[in-house]
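Structure file model.pdb with PDB, C-alpha atoms:
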```
ATOM      1  CA  MET A  23     -20.228  25.312 178.361
ATOM      2  CA  VAL A  24     -18.060  22.660 176.725
ATOM      3  CA  ARG A  25     -16.329  23.349 173.436
ATOM      4  CA  SER A  26     -14.123  21.170 171.320
ATOM      5  CA  VAL A  27     -12.034  22.088 168.323
ATOM      6  CA  ALA A  28     -10.116  19.594 166.222
ATOM      7  CA  ASN A  29      -7.930  20.427 163.259
ATOM      8  CA  LEU A  30      -7.852  16.947 161.807
ATOM      9  CA  THR A  31      -8.394  15.688 158.311
ATOM     10  CA  ARG A  32     -10.402  12.677 157.256
ATOM     11  CA  ARG A  33      -7.112  10.900 156.554
ATOM     12  CA  ASP A  34      -5.954  11.666 160.133
ATOM     13  CA  GLY A  35      -9.105   9.956 161.400
ATOM     14  CA  GLU A  36      -8.652   6.950 159.149
ATOM     15  CA  GLU A  37      -5.017   6.547 160.230
ATOM     16  CA  PHE A  38      -5.983   6.853 163.881
ATOM     17  CA  LEU A  39      -8.734   4.233 163.616
ATOM     18  CA  GLU A  40      -6.405   1.835 161.825
ATOM     19  CA  LEU A  41      -3.818   2.249 164.578
ATOM     20  CA  ALA A  42      -6.443   1.956 167.322
ATOM     21  CA  SER A  43      -7.513  -1.426 165.945
ATOM     22  CA  ARG A  44      -3.975  -2.774 166.515
ATOM     23  CA  VAL A  45      -3.388  -1.683 170.120
ATOM     24  CA  THR A  46      -4.781  -3.056 173.339
ATOM     25  CA  ILE A  47      -6.860  -0.570 175.249
ATOM     26  CA  GLY A  48      -7.322  -1.213 178.939
ATOM     27  CA  THR A  49     -10.011   0.352 181.043
ATOM     28  CA  GLN A  50     -10.317   0.847 184.761
ATOM     29  CA  VAL A  51     -13.703   1.566 186.310
ATOM     30  CA  ASN A  52     -14.266   2.536 189.938
ATOM     31  CA  PRO A  53     -17.952   2.055 190.764
ATOM     32  CA  PHE A  54     -19.583   4.033 193.584
ATOM     33  CA  ALA A  55     -23.138   3.726 194.837
ATOM     34  CA  LEU A  56     -25.137   6.880 194.203
ATOM     35  CA  SER A  57     -25.307   7.376 197.976
ATOM     36  CA  ASP A  58     -21.483   7.550 197.963
ATOM     37  CA  ALA A  59     -21.288  10.357 195.385
ATOM     38  CA  ASN A  60     -19.568  12.716 197.839
ATOM     39  CA  GLN A  61     -16.965  10.036 198.585
ATOM     40  CA  ALA A  62     -16.367   9.620 194.841
ATOM     41  CA  LEU A  63     -15.910  13.373 194.408
ATOM     42  CA  SER A  64     -13.481  13.502 197.328
ATOM     43  CA  ALA A  65     -11.466  10.638 195.853
ATOM     44  CA  LEU A  66     -11.355  12.419 192.478
ATOM     45  CA  ARG A  67     -10.199  15.678 194.063
ATOM     46  CA  ALA A  68      -7.511  13.830 196.020
ATOM     47  CA  GLY A  69      -6.208  12.096 192.895
ATOM     48  CA  LYS A  70      -7.084   8.649 194.258
ATOM     49  CA  ILE A  71      -9.019   7.542 191.193
ATOM     50  CA  GLN A  72      -7.243   5.944 188.261
ATOM     51  CA  GLY A  73      -9.528   5.508 185.289
ATOM     52  CA  THR A  74     -13.140   6.542 185.625
ATOM     53  CA  ALA A  75     -15.415   6.923 188.627
ATOM     54  CA  VAL A  76     -18.934   5.693 187.880
ATOM     55  CA  LEU A  77     -22.033   6.299 189.974
ATOM     56  CA  VAL A  78     -24.200   3.177 190.072
ATOM     57  CA  ILE A  79     -27.903   3.885 190.283
ATOM     58  CA  GLY A  80     -30.261   1.199 191.568
TER      59      GLY A  80
END
```
Go ahead and express the file in the form of structure tokens.
Amino acid sequence: MVRSVANLTRRDGEEFLELASRVTIGTQVNPFALSDANQALSALRAGKIQGTAVLVIG
């Protein structure tokens, strides 16, 4: 079960979105073939993934 609680106001959200529009956001994606899912999990457990591991299907 996943739960999320945020104690933010509408103004907090507006200020955050305004700030987010002014900063550069970089992403790092590490693709793995679906057949390599166990390898991806091992890399995650070992802390060898920076960013996000993505399973590529097809």
Problem - For CA of Ala55 (chain A) and CA of Ile71 (chain A), the interatomic separation in Å (one decimal) - result: 15.1 Å
Handout entry: Selected residue of minimal separation from Leu56 (chain A) among A:Lys70, A:Leu39, A:Arg44, A:Ile79, counting all atoms listed in the file
Key = A:Ile79
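When CA of Gly73 (chain A) is paired with CA of Gln50 (chain A), their separation reads 4.8 Å.
Coordinates place CA of Ser43 (chain A) at a distance of 18.8 Å from CA of Leu30 (chain A).
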Handout entry: Spatial neighbours of region 57-68 of chain A, max dist 10 Å, only C-alpha atoms, sep filter under 6 positions, as a VMD selection string
Key = chain A and resid 74 to 79
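The nearest approach to Val51 (chain A) among the residues A:Gly80, A:Arg32, A:Glu37, A:Gln72, with only C-alpha atoms taken into account, belongs to A:Gln72.
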Could you rebuild region 29-54 of chain A with N, CA and C atoms and give me the result as an mmCIF file, in the coordinates of the input?
```cif
data_model
loop_
_atom_site.group_PDB
_atom_site.id
_atom_site.type_symbol
_atom_site.label_atom_id
_atom_site.label_comp_id
_atom_site.auth_asym_id
_atom_site.auth_seq_id
_atom_site.Cartn_x
_atom_site.Cartn_y
_atom_site.Cartn_z
ATOM 1 N N ASN A 29 -8.446 20.084 164.582
ATOM 2 C CA ASN A 29 -7.930 20.427 163.259
ATOM 3 C C ASN A 29 -7.370 19.164 162.616
ATOM 4 N N LEU A 30 -8.257 18.224 162.382
ATOM 5 C CA LEU A 30 -7.852 16.947 161.807
ATOM 6 C C LEU A 30 -8.514 16.760 160.456
ATOM 7 N N THR A 31 -7.824 16.007 159.614
ATOM 8 C CA THR A 31 -8.394 15.688 158.311
ATOM 9 C C THR A 31 -9.047 14.320 158.370
ATOM 10 N N ARG A 32 -9.795 14.013 157.347
ATOM 11 C CA ARG A 32 -10.402 12.677 157.256
ATOM 12 C C ARG A 32 -9.315 11.606 157.278
ATOM 13 N N ARG A 33 -8.213 11.868 156.573
ATOM 14 C CA ARG A 33 -7.112 10.900 156.554
ATOM 15 C C ARG A 33 -6.537 10.705 157.959
ATOM 16 N N ASP A 34 -6.412 11.787 158.747
ATOM 17 C CA ASP A 34 -5.954 11.666 160.133
ATOM 18 C C ASP A 34 -6.851 10.692 160.896
ATOM 19 N N GLY A 35 -8.154 10.836 160.722
ATOM 20 C CA GLY A 35 -9.105 9.956 161.400
ATOM 21 C C GLY A 35 -8.969 8.522 160.954
ATOM 22 N N GLU A 36 -8.815 8.309 159.668
ATOM 23 C CA GLU A 36 -8.652 6.950 159.149
ATOM 24 C C GLU A 36 -7.374 6.310 159.681
ATOM 25 N N GLU A 37 -6.275 7.075 159.708
ATOM 26 C CA GLU A 37 -5.017 6.547 160.230
ATOM 27 C C GLU A 37 -5.124 6.226 161.718
ATOM 28 N N PHE A 38 -5.816 7.094 162.457
ATOM 29 C CA PHE A 38 -5.983 6.853 163.881
ATOM 30 C C PHE A 38 -6.792 5.584 164.130
ATOM 31 N N LEU A 39 -7.902 5.417 163.418
ATOM 32 C CA LEU A 39 -8.734 4.233 163.616
ATOM 33 C C LEU A 39 -7.999 2.957 163.236
ATOM 34 N N GLU A 40 -7.185 3.011 162.215
ATOM 35 C CA GLU A 40 -6.405 1.835 161.825
ATOM 36 C C GLU A 40 -5.419 1.482 162.931
ATOM 37 N N LEU A 41 -4.757 2.479 163.485
ATOM 38 C CA LEU A 41 -3.818 2.249 164.578
ATOM 39 C C LEU A 41 -4.547 1.746 165.823
ATOM 40 N N ALA A 42 -5.680 2.340 166.134
ATOM 41 C CA ALA A 42 -6.443 1.956 167.322
ATOM 42 C C ALA A 42 -6.868 0.498 167.266
ATOM 43 N N SER A 43 -7.099 -0.026 166.070
ATOM 44 C CA SER A 43 -7.513 -1.426 165.945
ATOM 45 C C SER A 43 -6.372 -2.390 166.247
ATOM 46 N N ARG A 44 -5.134 -1.898 166.281
ATOM 47 C CA ARG A 44 -3.975 -2.774 166.515
ATOM 48 C C ARG A 44 -3.425 -2.710 167.932
ATOM 49 N N VAL A 45 -3.923 -1.815 168.766
ATOM 50 C CA VAL A 45 -3.388 -1.683 170.120
ATOM 51 C C VAL A 45 -4.408 -2.188 171.136
ATOM 52 N N THR A 46 -3.903 -2.611 172.263
ATOM 53 C CA THR A 46 -4.781 -3.056 173.339
ATOM 54 C C THR A 46 -5.132 -1.860 174.216
ATOM 55 N N ILE A 47 -6.396 -1.672 174.419
ATOM 56 C CA ILE A 47 -6.860 -0.570 175.249
ATOM 57 C C ILE A 47 -7.409 -1.165 176.536
ATOM 58 N N GLY A 48 -6.848 -0.734 177.646
ATOM 59 C CA GLY A 48 -7.322 -1.213 178.939
ATOM 60 C C GLY A 48 -8.168 -0.148 179.607
ATOM 61 N N THR A 49 -9.164 -0.592 180.327
ATOM 62 C CA THR A 49 -10.011 0.352 181.043
ATOM 63 C C THR A 49 -9.996 0.028 182.530
ATOM 64 N N GLN A 50 -10.212 1.034 183.320
ATOM 65 C CA GLN A 50 -10.317 0.847 184.761
ATOM 66 C C GLN A 50 -11.518 1.644 185.240
ATOM 67 N N VAL A 51 -12.470 0.950 185.844
ATOM 68 C CA VAL A 51 -13.703 1.566 186.310
ATOM 69 C C VAL A 51 -13.777 1.421 187.819
ATOM 70 N N ASN A 52 -14.108 2.519 188.484
ATOM 71 C CA ASN A 52 -14.266 2.536 189.938
ATOM 72 C C ASN A 52 -15.727 2.849 190.240
ATOM 73 N N PRO A 53 -16.537 1.810 190.507
ATOM 74 C CA PRO A 53 -17.952 2.055 190.764
ATOM 75 C C PRO A 53 -18.211 2.566 192.184
ATOM 76 N N PHE A 54 -19.136 3.493 192.301
ATOM 77 C CA PHE A 54 -19.583 4.033 193.584
ATOM 78 C C PHE A 54 -21.100 4.008 193.584
#
```
